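**Student:** Coordinates in coords39.cif, mmCIF, C-alpha atoms and all ligand atoms, are listed below.
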data_target
loop_
_atom_site.group_PDB
_atom_site.id
_atom_site.type_symbol
_atom_site.label_atom_id
_atom_site.label_comp_id
_atom_site.auth_asym_id
_atom_site.auth_seq_id
_atom_site.Cartn_x
_atom_site.Cartn_y
_atom_site.Cartn_z
ATOM 1 C CA MET A 1 -17.001 1.055 -7.470
ATOM 2 C CA ASN A 2 -15.247 4.266 -6.537
ATOM 3 C CA ILE A 3 -12.082 4.873 -4.471
ATOM 4 C CA ARG A 4 -11.793 8.161 -2.570
ATOM 5 C CA PRO A 5 -10.165 9.612 0.562
ATOM 6 C CA SER A 6 -12.110 8.849 3.725
ATOM 7 C CA LEU A 7 -14.044 11.663 5.388
ATOM 8 C CA ASP A 8 -14.823 12.369 9.042
ATOM 9 C CA ALA A 9 -18.412 11.364 8.356
ATOM 10 C CA ASP A 10 -17.203 7.866 7.348
ATOM 11 C CA LYS A 11 -15.798 7.048 10.792
ATOM 12 C CA PRO A 12 -18.744 5.013 12.183
ATOM 13 C CA ALA A 13 -18.977 3.038 8.931
ATOM 14 C CA LEU A 14 -15.216 2.464 8.890
ATOM 15 C CA ARG A 15 -15.259 1.016 12.368
ATOM 16 C CA ALA A 16 -18.208 -1.222 11.455
ATOM 17 C CA LEU A 17 -16.421 -2.366 8.288
ATOM 18 C CA HIS A 18 -13.295 -3.473 10.182
ATOM 19 C CA GLU A 19 -15.360 -5.149 12.898
ATOM 20 C CA GLN A 20 -17.243 -7.132 10.284
ATOM 21 C CA ALA A 21 -14.255 -7.962 8.033
ATOM 22 C CA PHE A 22 -11.902 -9.060 10.826
ATOM 23 C CA GLY A 23 -14.639 -10.497 13.059
ATOM 24 C CA ASP A 24 -15.014 -10.711 16.838
ATOM 25 C CA GLU A 25 -12.151 -9.590 19.056
ATOM 26 C CA GLU A 26 -9.699 -8.701 16.302
ATOM 27 C CA GLY A 27 -12.364 -6.629 14.535
ATOM 28 C CA ILE A 28 -12.971 -4.502 17.615
ATOM 29 C CA LEU A 29 -9.235 -3.931 18.015
ATOM 30 C CA VAL A 30 -8.740 -3.040 14.338
ATOM 31 C CA GLY A 31 -11.824 -0.798 14.193
ATOM 32 C CA ARG A 32 -10.484 1.130 17.179
ATOM 33 C CA LEU A 33 -7.030 1.268 15.613
ATOM 34 C CA ALA A 34 -8.355 2.791 12.373
ATOM 35 C CA LEU A 35 -10.149 5.602 14.230
ATOM 36 C CA ALA A 36 -7.213 6.159 16.568
ATOM 37 C CA LEU A 37 -4.805 6.485 13.631
ATOM 38 C CA LEU A 38 -7.100 9.011 11.949
ATOM 39 C CA ALA A 39 -6.913 11.161 15.096
ATOM 40 C CA ASP A 40 -3.204 10.623 15.820
ATOM 41 C CA PRO A 41 -0.887 13.516 14.892
ATOM 42 C CA THR A 42 2.127 11.165 15.029
ATOM 43 C CA ALA A 43 0.562 9.099 12.214
ATOM 44 C CA GLN A 44 0.811 12.012 9.771
ATOM 45 C CA PRO A 45 1.103 12.095 6.838
ATOM 46 C CA VAL A 46 -1.923 9.802 6.594
ATOM 47 C CA LEU A 47 -3.448 8.401 3.432
ATOM 48 C CA SER A 48 -6.853 6.837 4.147
ATOM 49 C CA LEU A 49 -8.816 5.517 1.172
ATOM 50 C CA VAL A 50 -12.238 3.930 0.994
ATOM 51 C CA ALA A 51 -13.807 1.832 -1.746
ATOM 52 C CA GLU A 52 -17.542 2.397 -2.054
ATOM 53 C CA ASP A 53 -20.514 1.661 -4.230
ATOM 54 C CA ALA A 54 -23.707 3.718 -4.352
ATOM 55 C CA ASP A 55 -24.971 2.285 -1.053
ATOM 56 C CA SER A 56 -22.088 1.598 1.280
ATOM 57 C CA LEU A 57 -18.392 1.414 2.079
ATOM 58 C CA LEU A 58 -16.855 -1.796 0.749
ATOM 59 C CA GLY A 59 -13.225 -1.457 1.753
ATOM 60 C CA HIS A 60 -10.704 0.676 3.584
ATOM 61 C CA VAL A 61 -6.928 1.018 3.613
ATOM 62 C CA MET A 62 -4.650 3.301 5.623
ATOM 63 C CA PHE A 63 -1.027 4.309 5.182
ATOM 64 C CA THR A 64 0.691 6.126 8.060
ATOM 65 C CA ALA A 65 4.156 7.444 8.817
ATOM 66 C CA LEU A 66 7.144 5.418 9.949
ATOM 67 C CA THR A 67 10.260 7.142 11.236
ATOM 68 C CA LEU A 68 13.789 5.913 11.800
ATOM 69 C CA ASP A 69 16.171 7.026 14.546
ATOM 70 C CA HIS A 70 19.041 9.110 13.176
ATOM 71 C CA HIS A 71 17.141 9.730 9.970
ATOM 72 C CA PRO A 72 14.865 12.757 10.135
ATOM 73 C CA THR A 73 12.416 12.158 7.300
ATOM 74 C CA PRO A 74 12.533 8.761 5.642
ATOM 75 C CA GLN A 75 9.862 8.550 2.972
ATOM 76 C CA LEU A 76 8.475 5.408 4.524
ATOM 77 C CA ARG A 77 4.897 4.398 5.304
ATOM 78 C CA ILE A 78 3.154 1.433 6.867
ATOM 79 C CA MET A 79 -0.017 0.031 5.363
ATOM 80 C CA ALA A 80 -2.508 -0.835 8.121
ATOM 81 C CA PRO A 81 -5.266 -1.616 8.425
ATOM 82 C CA LEU A 82 -6.698 -3.044 5.187
ATOM 83 C CA ALA A 83 -10.143 -4.615 5.041
ATOM 84 C CA VAL A 84 -12.822 -5.506 2.514
ATOM 85 C CA THR A 85 -16.388 -6.253 3.553
ATOM 86 C CA LYS A 86 -16.996 -10.011 3.713
ATOM 87 C CA ALA A 87 -19.571 -10.135 0.917
ATOM 88 C CA ARG A 88 -17.113 -8.551 -1.527
ATOM 89 C CA GLN A 89 -13.902 -10.349 -0.570
ATOM 90 C CA GLY A 90 -12.261 -12.016 -3.544
ATOM 91 C CA ASP A 91 -13.552 -9.407 -6.029
ATOM 92 C CA GLY A 92 -10.200 -7.635 -6.328
ATOM 93 C CA LEU A 93 -11.079 -4.663 -4.100
ATOM 94 C CA GLY A 94 -8.163 -5.300 -1.754
ATOM 95 C CA ALA A 95 -5.799 -5.295 -4.724
ATOM 96 C CA ARG A 96 -7.313 -2.081 -6.069
ATOM 97 C CA LEU A 97 -6.990 -0.304 -2.712
ATOM 98 C CA ILE A 98 -3.343 -1.366 -2.401
ATOM 99 C CA GLU A 99 -2.533 -0.288 -5.968
ATOM 100 C CA GLU A 100 -4.306 3.063 -5.722
ATOM 101 C CA GLY A 101 -2.659 3.813 -2.377
ATOM 102 C CA CYS A 102 0.809 2.932 -3.676
ATOM 103 C CA ARG A 103 0.207 4.959 -6.841
ATOM 104 C CA GLN A 104 -0.705 8.073 -4.830
ATOM 105 C CA LEU A 105 2.187 7.611 -2.395
ATOM 106 C CA GLN A 106 4.687 7.154 -5.204
ATOM 107 C CA ALA A 107 3.411 10.341 -6.853
ATOM 108 C CA ASP A 108 4.046 12.111 -3.504
ATOM 109 C CA GLY A 109 7.648 10.871 -3.356
ATOM 110 C CA VAL A 110 7.190 8.031 -0.882
ATOM 111 C CA GLU A 111 9.967 5.489 -1.402
ATOM 112 C CA CYS A 112 8.766 2.403 0.416
ATOM 113 C CA VAL A 113 5.651 0.900 2.028
ATOM 114 C CA MET A 114 5.879 -1.654 4.832
ATOM 115 C CA VAL A 115 3.205 -4.118 5.904
ATOM 116 C CA LEU A 116 2.776 -6.737 8.604
ATOM 117 C CA GLY A 117 0.575 -9.394 7.121
ATOM 118 C CA ASP A 118 0.155 -12.721 5.434
ATOM 119 C CA PRO A 119 3.054 -13.246 2.997
ATOM 120 C CA ALA A 120 0.809 -15.458 0.852
ATOM 121 C CA TYR A 121 -1.396 -12.431 0.128
ATOM 122 C CA TYR A 122 1.043 -9.530 0.127
ATOM 123 C CA SER A 123 3.675 -11.290 -1.978
ATOM 124 C CA ARG A 124 1.082 -11.079 -4.754
ATOM 125 C CA HIS A 125 1.181 -7.280 -4.446
ATOM 126 C CA GLY A 126 4.876 -6.491 -4.683
ATOM 127 C CA PHE A 127 5.805 -7.007 -1.008
ATOM 128 C CA THR A 128 8.776 -9.124 0.052
ATOM 129 C CA SER A 129 10.093 -9.989 3.504
ATOM 130 C CA VAL A 130 12.709 -7.570 4.754
ATOM 131 C CA HIS A 131 15.342 -7.711 7.507
ATOM 132 C CA ALA A 132 17.428 -4.516 7.386
ATOM 133 C CA LEU A 133 14.447 -2.416 8.467
ATOM 134 C CA ARG A 134 13.131 -3.968 11.651
ATOM 135 C CA PRO A 135 9.686 -3.751 13.282
ATOM 136 C CA PRO A 136 9.342 -2.187 16.748
ATOM 137 C CA TYR A 137 8.532 -5.550 18.393
ATOM 138 C CA GLU A 138 9.801 -9.077 17.940
ATOM 139 C CA LEU A 139 7.414 -10.989 15.698
ATOM 140 C CA ALA A 140 6.124 -14.538 15.946
ATOM 141 C CA ARG A 141 6.469 -14.714 12.141
ATOM 142 C CA PRO A 142 9.381 -12.529 11.016
ATOM 143 C CA ASP A 143 8.561 -13.232 7.340
ATOM 144 C CA ALA A 144 5.248 -11.370 7.822
ATOM 145 C CA TRP A 145 7.179 -8.065 7.976
ATOM 146 C CA MET A 146 7.355 -7.003 4.357
ATOM 147 C CA ALA A 147 8.289 -4.070 2.156
ATOM 148 C CA ARG A 148 7.212 -2.815 -1.238
ATOM 149 C CA PRO A 149 9.762 -0.369 -2.663
ATOM 150 C CA LEU A 150 8.275 2.509 -4.658
ATOM 151 C CA ALA A 151 11.616 3.957 -5.718
ATOM 152 C CA PRO A 152 14.780 2.319 -7.085
ATOM 153 C CA ASP A 153 17.207 1.229 -4.340
ATOM 154 C CA ALA A 154 14.751 2.341 -1.653
ATOM 155 C CA LEU A 155 15.585 -0.497 0.687
ATOM 156 C CA SER A 156 19.340 -0.201 0.457
ATOM 157 C CA SER A 157 19.212 3.317 1.968
ATOM 158 C CA TRP A 158 17.914 2.412 5.406
ATOM 159 C CA GLN A 159 18.478 0.100 8.312
ATOM 160 C CA GLY A 160 17.405 -0.041 11.927
ATOM 161 C CA VAL A 161 14.190 -0.231 13.904
ATOM 162 C CA VAL A 162 11.221 1.753 12.641
ATOM 163 C CA ASN A 163 9.035 3.859 14.924
ATOM 164 C CA ALA A 164 5.319 3.674 14.212
ATOM 165 C CA ALA A 165 2.603 6.163 15.161
ATOM 166 C CA ASP A 166 1.570 6.175 18.832
ATOM 167 C CA ALA A 167 -1.745 4.500 17.990
ATOM 168 C CA LEU A 168 0.107 1.606 16.323
ATOM 169 C CA ASN A 169 2.783 1.303 18.938
ATOM 170 C CA ALA A 170 1.163 -1.377 21.122
ATOM 171 C CA ARG A 171 2.560 -4.897 21.530
ATOM 172 C CA GLN A 172 -0.790 -6.557 20.869
ATOM 173 C CA LEU A 173 -0.945 -5.023 17.379
ATOM 174 C CA TRP A 174 2.310 -6.697 16.214
HETATM 175 C C1 LIG B 201 -7.254 -9.681 3.027
HETATM 176 C C2 LIG B 201 -8.318 -8.852 2.275
HETATM 177 C C3 LIG B 201 -8.095 -7.383 2.534
HETATM 178 C C4 LIG B 201 -8.147 -9.135 0.797
HETATM 179 O O1 LIG B 201 -9.064 -8.339 0.074
HETATM 180 P P1 LIG B 201 -9.856 -8.963 -1.166
HETATM 181 O O2 LIG B 201 -10.545 -7.854 -1.855
HETATM 182 O O3 LIG B 201 -10.671 -10.101 -0.688
HETATM 183 O O4 LIG B 201 -8.616 -9.507 -2.017
HETATM 184 P P2 LIG B 201 -8.485 -9.593 -3.567
HETATM 185 O O5 LIG B 201 -9.866 -9.804 -4.174
HETATM 186 O O6 LIG B 201 -7.681 -8.488 -4.051
HETATM 187 O O7 LIG B 201 -7.656 -10.924 -3.713
HETATM 188 C C5 LIG B 201 -8.305 -12.118 -3.483
HETATM 189 C C6 LIG B 201 -7.303 -13.237 -3.545
HETATM 190 O O8 LIG B 201 -6.424 -13.143 -2.421
HETATM 191 C C7 LIG B 201 -6.505 -14.348 -1.680
HETATM 192 N N1 LIG B 201 -6.345 -14.032 -0.266
HETATM 193 C C8 LIG B 201 -7.128 -13.286 0.531
HETATM 194 N N2 LIG B 201 -6.636 -13.275 1.781
HETATM 195 C C9 LIG B 201 -5.524 -14.047 1.741
HETATM 196 C C10 LIG B 201 -4.583 -14.442 2.720
HETATM 197 N N3 LIG B 201 -4.657 -14.027 3.986
HETATM 198 N N4 LIG B 201 -3.564 -15.250 2.310
HETATM 199 C C11 LIG B 201 -3.472 -15.687 1.043
HETATM 200 N N5 LIG B 201 -4.336 -15.339 0.071
HETATM 201 C C12 LIG B 201 -5.346 -14.536 0.447
HETATM 202 C C13 LIG B 201 -7.882 -14.903 -1.997
HETATM 203 O O9 LIG B 201 -7.907 -16.285 -1.760
HETATM 204 C C14 LIG B 201 -7.996 -14.575 -3.476
HETATM 205 O O10 LIG B 201 -7.238 -15.493 -4.231
HETATM 206 P P3 LIG B 201 -7.632 -15.828 -5.754
HETATM 207 O O11 LIG B 201 -7.484 -14.546 -6.521
HETATM 208 O O12 LIG B 201 -6.611 -16.850 -6.151
HETATM 209 O O13 LIG B 201 -9.031 -16.329 -5.727
HETATM 210 C C15 LIG B 201 -9.757 -9.251 2.681
HETATM 211 O O14 LIG B 201 -9.933 -10.613 2.426
HETATM 212 C C16 LIG B 201 -10.092 -8.946 4.129
HETATM 213 O O15 LIG B 201 -10.557 -7.851 4.425
HETATM 214 N N6 LIG B 201 -9.865 -9.925 5.027
HETATM 215 C C17 LIG B 201 -10.157 -9.724 6.438
HETATM 216 C C18 LIG B 201 -9.263 -8.677 7.048
HETATM 217 C C19 LIG B 201 -7.780 -8.946 6.808
HETATM 218 O O16 LIG B 201 -7.311 -10.081 6.964
HETATM 219 N N7 LIG B 201 -7.047 -7.889 6.444
HETATM 220 C C20 LIG B 201 -5.631 -7.965 6.140
HETATM 221 C C21 LIG B 201 -4.848 -7.979 7.401
HETATM 222 S S1 LIG B 201 -3.102 -8.047 7.127
#
Would you give me this structure, written as structure tokens?

**Tutor:**
Amino acid sequence: MNIRPSLDADKPALRALHEQAFGDEEGILVGRLALALLADPTAQPVLSLVAEDADSLLGHVMFTALTLDHHPTPQLRIMAPLAVTKARQGDGLGARLIEEGCRQLQADGVECVMVLGDPAYYSRHGFTSVHALRPPYELARPDAWMARPLAPDALSSWQGVVNAADALNARQLW
């Protein structure tokens, strides 16, 4: 299994991967979101990594920019979407994509990664629920909004509502 940056040529396979991993309606939404984020200048800087074997893509993770009002360039990213093909779920690929992404971001000076997801899963990967940095929409499950600091004291530096990329800034995605 190899992890590498996604390429333009991967786009059809990426959409298919999300559709399959998330299933039905949510899969279509997430597949569209992944391609929209790849094309969205407001999502930059983007880190998009795929896990593959010799035959096919097995997983995909994206990290895109978050900004904060009154703070020009917070080194903050949001991790979304993340998916592993159904047949390989539970093999540790999700964990490897998260770790490789965070490793590369940390090396680039990123201080914190946010995620909106299941606390039972993400708490196993260094994410904890956070309140000082708020999501753009009110959430049904506020504890699903989580942060993984990549630098000491990262979370104490910021507060307020984050602004996500245009492609992520839709109520139905939160
Ligand atoms: C969530 C997902 C990315 C995890 O990837 P993965 O490669 O299967 O995960 P890993 O192999 O690293 O970890 C597997 C472990 O996480 C657990 N896990 C997976 N999803 C979980 C969830 N939503 N809540 C709690 N635990 C979860 C598994 O039960 C397994 O536990 P075990 O190690 O005790 O057996 C993958 O299951 C997936 O693509 N799911 C569908 C899409 C999705 O939900 N994406 C995340 C949206 S926030």

**Student:** Report the closest atom pair, with its distance in Å rounded to one decimal, for each residue of chain A that has an atom no farther than 12 Å from ligand LIG 201 (chain B); count all atoms listed in the file, sort by chain and then rising residue number, and write it as a tab-separated table.

**Tutor:**
residue	atom	partner	partner_atom	distance
A:Leu17	CA	B:LIG201	O15	8.9
A:His18	CA	B:LIG201	C18	7.3
A:Glu19	CA	B:LIG201	C18	9.2
A:Gln20	CA	B:LIG201	C17	8.5
A:Ala21	CA	B:LIG201	C17	4.7
A:Phe22	CA	B:LIG201	C18	4.6
A:Gly23	CA	B:LIG201	C17	8.0
A:Asp24	CA	B:LIG201	C17	11.5
A:Glu26	CA	B:LIG201	C18	9.3
A:Gly27	CA	B:LIG201	C18	8.4
A:Ile28	CA	B:LIG201	C18	12.0
A:Leu29	CA	B:LIG201	C18	11.9
A:Val30	CA	B:LIG201	C18	9.2
A:Gly31	CA	B:LIG201	C18	10.9
A:Ala51	CA	B:LIG201	O2	10.2
A:Leu58	CA	B:LIG201	O2	9.1
A:Gly59	CA	B:LIG201	O15	7.4
A:His60	CA	B:LIG201	C3	8.5
A:Val61	CA	B:LIG201	C3	8.6
A:Met62	CA	B:LIG201	C20	11.3
A:Ile78	CA	B:LIG201	S1	11.4
A:Met79	CA	B:LIG201	S1	8.8
A:Ala80	CA	B:LIG201	S1	7.3
A:Pro81	CA	B:LIG201	C21	6.5
A:Leu82	CA	B:LIG201	N7	5.0
A:Ala83	CA	B:LIG201	O15	3.3
A:Val84	CA	B:LIG201	O15	3.8
A:Thr85	CA	B:LIG201	O15	6.1
A:Lys86	CA	B:LIG201	O15	6.8
A:Ala87	CA	B:LIG201	O3	9.0
A:Arg88	CA	B:LIG201	O2	6.6
A:Gln89	CA	B:LIG201	O3	3.2
A:Gly90	CA	B:LIG201	O5	3.3
A:Asp91	CA	B:LIG201	O5	4.1
A:Gly92	CA	B:LIG201	O5	3.1
A:Leu93	CA	B:LIG201	O2	3.9
A:Gly94	CA	B:LIG201	O2	3.5
A:Ala95	CA	B:LIG201	O6	3.8
A:Arg96	CA	B:LIG201	O6	6.7
A:Leu97	CA	B:LIG201	O6	8.3
A:Ile98	CA	B:LIG201	O6	8.5
A:Glu99	CA	B:LIG201	O6	9.9
A:Met114	CA	B:LIG201	S1	11.3
A:Val115	CA	B:LIG201	S1	7.5
A:Leu116	CA	B:LIG201	S1	6.2
A:Gly117	CA	B:LIG201	S1	3.9
A:Asp118	CA	B:LIG201	N3	5.2
A:Pro119	CA	B:LIG201	N4	6.9
A:Ala120	CA	B:LIG201	C11	4.3
A:Tyr121	CA	B:LIG201	C11	4.0
A:Tyr122	CA	B:LIG201	N4	7.7
A:Ser123	CA	B:LIG201	C11	8.9
A:Arg124	CA	B:LIG201	O8	8.1
A:His125	CA	B:LIG201	O6	9.0
A:Ala144	CA	B:LIG201	S1	9.0
A:Trp145	CA	B:LIG201	S1	10.3
A:Met146	CA	B:LIG201	S1	10.9
A:Leu173	CA	B:LIG201	S1	10.9
A:Trp174	CA	B:LIG201	S1	10.7

**Student:** Take the residues just selected and output them with C-alpha atoms as an mmCIF file, keeping the file's coordinate frame.

**Tutor:**
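Output file again-v2.cif is given in full below:
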data_model
loop_
_atom_site.group_PDB
_atom_site.id
_atom_site.type_symbol
_atom_site.label_atom_id
_atom_site.label_comp_id
_atom_site.auth_asym_id
_atom_site.auth_seq_id
_atom_site.Cartn_x
_atom_site.Cartn_y
_atom_site.Cartn_z
ATOM 1 C CA LEU A 17 -16.421 -2.366 8.288
ATOM 2 C CA HIS A 18 -13.295 -3.473 10.182
ATOM 3 C CA GLU A 19 -15.360 -5.149 12.898
ATOM 4 C CA GLN A 20 -17.243 -7.132 10.284
ATOM 5 C CA ALA A 21 -14.255 -7.962 8.033
ATOM 6 C CA PHE A 22 -11.902 -9.060 10.826
ATOM 7 C CA GLY A 23 -14.639 -10.497 13.059
ATOM 8 C CA ASP A 24 -15.014 -10.711 16.838
ATOM 9 C CA GLU A 26 -9.699 -8.701 16.302
ATOM 10 C CA GLY A 27 -12.364 -6.629 14.535
ATOM 11 C CA ILE A 28 -12.971 -4.502 17.615
ATOM 12 C CA LEU A 29 -9.235 -3.931 18.015
ATOM 13 C CA VAL A 30 -8.740 -3.040 14.338
ATOM 14 C CA GLY A 31 -11.824 -0.798 14.193
ATOM 15 C CA ALA A 51 -13.807 1.832 -1.746
ATOM 16 C CA LEU A 58 -16.855 -1.796 0.749
ATOM 17 C CA GLY A 59 -13.225 -1.457 1.753
ATOM 18 C CA HIS A 60 -10.704 0.676 3.584
ATOM 19 C CA VAL A 61 -6.928 1.018 3.613
ATOM 20 C CA MET A 62 -4.650 3.301 5.623
ATOM 21 C CA ILE A 78 3.154 1.433 6.867
ATOM 22 C CA MET A 79 -0.017 0.031 5.363
ATOM 23 C CA ALA A 80 -2.508 -0.835 8.121
ATOM 24 C CA PRO A 81 -5.266 -1.616 8.425
ATOM 25 C CA LEU A 82 -6.698 -3.044 5.187
ATOM 26 C CA ALA A 83 -10.143 -4.615 5.041
ATOM 27 C CA VAL A 84 -12.822 -5.506 2.514
ATOM 28 C CA THR A 85 -16.388 -6.253 3.553
ATOM 29 C CA LYS A 86 -16.996 -10.011 3.713
ATOM 30 C CA ALA A 87 -19.571 -10.135 0.917
ATOM 31 C CA ARG A 88 -17.113 -8.551 -1.527
ATOM 32 C CA GLN A 89 -13.902 -10.349 -0.570
ATOM 33 C CA GLY A 90 -12.261 -12.016 -3.544
ATOM 34 C CA ASP A 91 -13.552 -9.407 -6.029
ATOM 35 C CA GLY A 92 -10.200 -7.635 -6.328
ATOM 36 C CA LEU A 93 -11.079 -4.663 -4.100
ATOM 37 C CA GLY A 94 -8.163 -5.300 -1.754
ATOM 38 C CA ALA A 95 -5.799 -5.295 -4.724
ATOM 39 C CA ARG A 96 -7.313 -2.081 -6.069
ATOM 40 C CA LEU A 97 -6.990 -0.304 -2.712
ATOM 41 C CA ILE A 98 -3.343 -1.366 -2.401
ATOM 42 C CA GLU A 99 -2.533 -0.288 -5.968
ATOM 43 C CA MET A 114 5.879 -1.654 4.832
ATOM 44 C CA VAL A 115 3.205 -4.118 5.904
ATOM 45 C CA LEU A 116 2.776 -6.737 8.604
ATOM 46 C CA GLY A 117 0.575 -9.394 7.121
ATOM 47 C CA ASP A 118 0.155 -12.721 5.434
ATOM 48 C CA PRO A 119 3.054 -13.246 2.997
ATOM 49 C CA ALA A 120 0.809 -15.458 0.852
ATOM 50 C CA TYR A 121 -1.396 -12.431 0.128
ATOM 51 C CA TYR A 122 1.043 -9.530 0.127
ATOM 52 C CA SER A 123 3.675 -11.290 -1.978
ATOM 53 C CA ARG A 124 1.082 -11.079 -4.754
ATOM 54 C CA HIS A 125 1.181 -7.280 -4.446
ATOM 55 C CA ALA A 144 5.248 -11.370 7.822
ATOM 56 C CA TRP A 145 7.179 -8.065 7.976
ATOM 57 C CA MET A 146 7.355 -7.003 4.357
ATOM 58 C CA LEU A 173 -0.945 -5.023 17.379
ATOM 59 C CA TRP A 174 2.310 -6.697 16.214
#

**Student:** Neighbours of Ala147 of chain A within 7 Å (only C-alpha atoms; same-chain residues fewer than 5 positions away dropped), as a PDB file with C-alpha atoms, keeping the file's coordinate frame?

**Tutor:**
ATOM      1  CA  CYS A 112       8.766   2.403   0.416  1.00  0.00           C
ATOM      2  CA  VAL A 113       5.651   0.900   2.028  1.00  0.00           C
ATOM      3  CA  MET A 114       5.879  -1.654   4.832  1.00  0.00           C
ATOM      4  CA  VAL A 115       3.205  -4.118   5.904  1.00  0.00           C
ATOM      5  CA  PHE A 127       5.805  -7.007  -1.008  1.00  0.00           C
ATOM      6  CA  THR A 128       8.776  -9.124   0.052  1.00  0.00           C
ATOM      7  CA  SER A 129      10.093  -9.989   3.504  1.00  0.00           C
ATOM      8  CA  VAL A 130      12.709  -7.570   4.754  1.00  0.00           C
TER       9      VAL A 130
END

**Student:** Work out how far apart atom CA of Met1 of chain A and atom CA of Leu76 of chain A are and give it in Å to one decimal.

**Tutor:**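 Between atom CA of Met1 of chain A and atom CA of Leu76 of chain A the gap is 28.5 Å.
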
**Student:** Expand the PyMOL selection byres (((chain A and resi 36) around 12) and not hetatm) into the explicit residue set it covers here, and present it as a short mmCIF file (atom, residue, chain, number, x, y, z; two decimals) with C-alpha atoms, keeping the file's coordinate frame.

**Tutor:**
data_model
loop_
_atom_site.label_atom_id
_atom_site.label_comp_id
_atom_site.auth_asym_id
_atom_site.auth_seq_id
_atom_site.Cartn_x
_atom_site.Cartn_y
_atom_site.Cartn_z
CA LYS A 11 -15.80 7.05 10.79
CA LEU A 14 -15.22 2.46 8.89
CA ARG A 15 -15.26 1.02 12.37
CA LEU A 29 -9.24 -3.93 18.02
CA VAL A 30 -8.74 -3.04 14.34
CA GLY A 31 -11.82 -0.80 14.19
CA ARG A 32 -10.48 1.13 17.18
CA LEU A 33 -7.03 1.27 15.61
CA ALA A 34 -8.36 2.79 12.37
CA LEU A 35 -10.15 5.60 14.23
CA LEU A 37 -4.80 6.48 13.63
CA LEU A 38 -7.10 9.01 11.95
CA ALA A 39 -6.91 11.16 15.10
CA ASP A 40 -3.20 10.62 15.82
CA PRO A 41 -0.89 13.52 14.89
CA THR A 42 2.13 11.16 15.03
CA ALA A 43 0.56 9.10 12.21
CA VAL A 46 -1.92 9.80 6.59
CA MET A 62 -4.65 3.30 5.62
CA THR A 64 0.69 6.13 8.06
CA ALA A 80 -2.51 -0.84 8.12
CA PRO A 81 -5.27 -1.62 8.43
CA ALA A 165 2.60 6.16 15.16
CA ASP A 166 1.57 6.18 18.83
CA ALA A 167 -1.74 4.50 17.99
CA LEU A 168 0.11 1.61 16.32
CA ASN A 169 2.78 1.30 18.94
#

**Student:** Mind giving me the straight-line distance from atom CA of Ser6 of chain A to atom CA of Leu47 of chain A in Å, one decimal?

**Tutor:** 8.7 Å

**Student:** Given all atoms listed in the file as the basis, pick out the residue of A:His70, A:Glu25, A:Leu49, A:Glu111 nearest to Leu7 of chain A.

**Tutor:** A:Leu49

**Student:** Please measure the separation of atom CA of Ala16 of chain A and atom CA of Leu57 of chain A, giving the value in Å to one decimal.

**Tutor:**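 Straight-line distance from atom CA of Ala16 of chain A to atom CA of Leu57 of chain A works out to 9.7 Å.
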
**Student:** Once the PyMOL selection byres (((chain A and resi 160) around 12) and not hetatm) has been evaluated on this model, what residues remain selected, and can you format them as a list in words?

**Tutor:**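 Applying the PyMOL selection byres (((chain A and resi 160) around 12) and not hetatm) to the structure shown produces Leu66, Thr67, Leu68, Asp69, His70, His71, Pro74, Val130, His131, Ala132, Leu133, Arg134, Pro135, Pro136, Leu155, Ser156, Ser157, Trp158, Gln159, Val161, Val162 and Asn163 of chain A.
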
**Student:** Pick the closest to Ser56 of chain A from A:Asp10, A:Gln75, A:Asp108, A:Glu100: which is it, counting all atoms listed in the file?

**Tutor:**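 Counting all atoms listed in the file, the residue closest to Ser56 of chain A is A:Asp10.
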
**Student:** Find the residue from A:Tyr137, A:Ala13, A:Val50, A:Asp8 that sits nearest to Ala164 of chain A; use only C-alpha atoms when measuring.

**Tutor:** A:Tyr137

**Student:** For segment 135-145 of chain A, what centre and edge lengths in Å (one decimal) does the axis-aligned box get once 6 Å is added on each side of all its listed atoms, as lines of an AutoDock Vina configuration file?

**Tutor:**
center_x = 7.5
center_y = -8.5
center_z = 12.9
size_x = 16.6
size_y = 24.5
size_z = 23.1

**Student:** Go through A:Ala65, A:Asp153, A:Gly101, A:Gln44 one by one, measure the shortest atom-to-atom distance of each to Arg4 of chain A using all atoms listed in the file, and give the residue with the smallest value.

**Tutor:** A:Gly101

**Student:** Given only C-alpha atoms as the basis, pick out the residue of A:Val110, A:Pro149, A:Ala170, A:Ile3 nearest to Ala54 of chain A.

**Tutor:** A:Ile3

**Student:** Measuring atom to atom with all atoms listed in the file, identify which of A:Asn2, A:Leu150, A:Glu52, A:Pro45 is nearest to Cys102 of chain A.

**Tutor:**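 Using all atoms listed in the file, Cys102 of chain A sits closest to A:Leu150.
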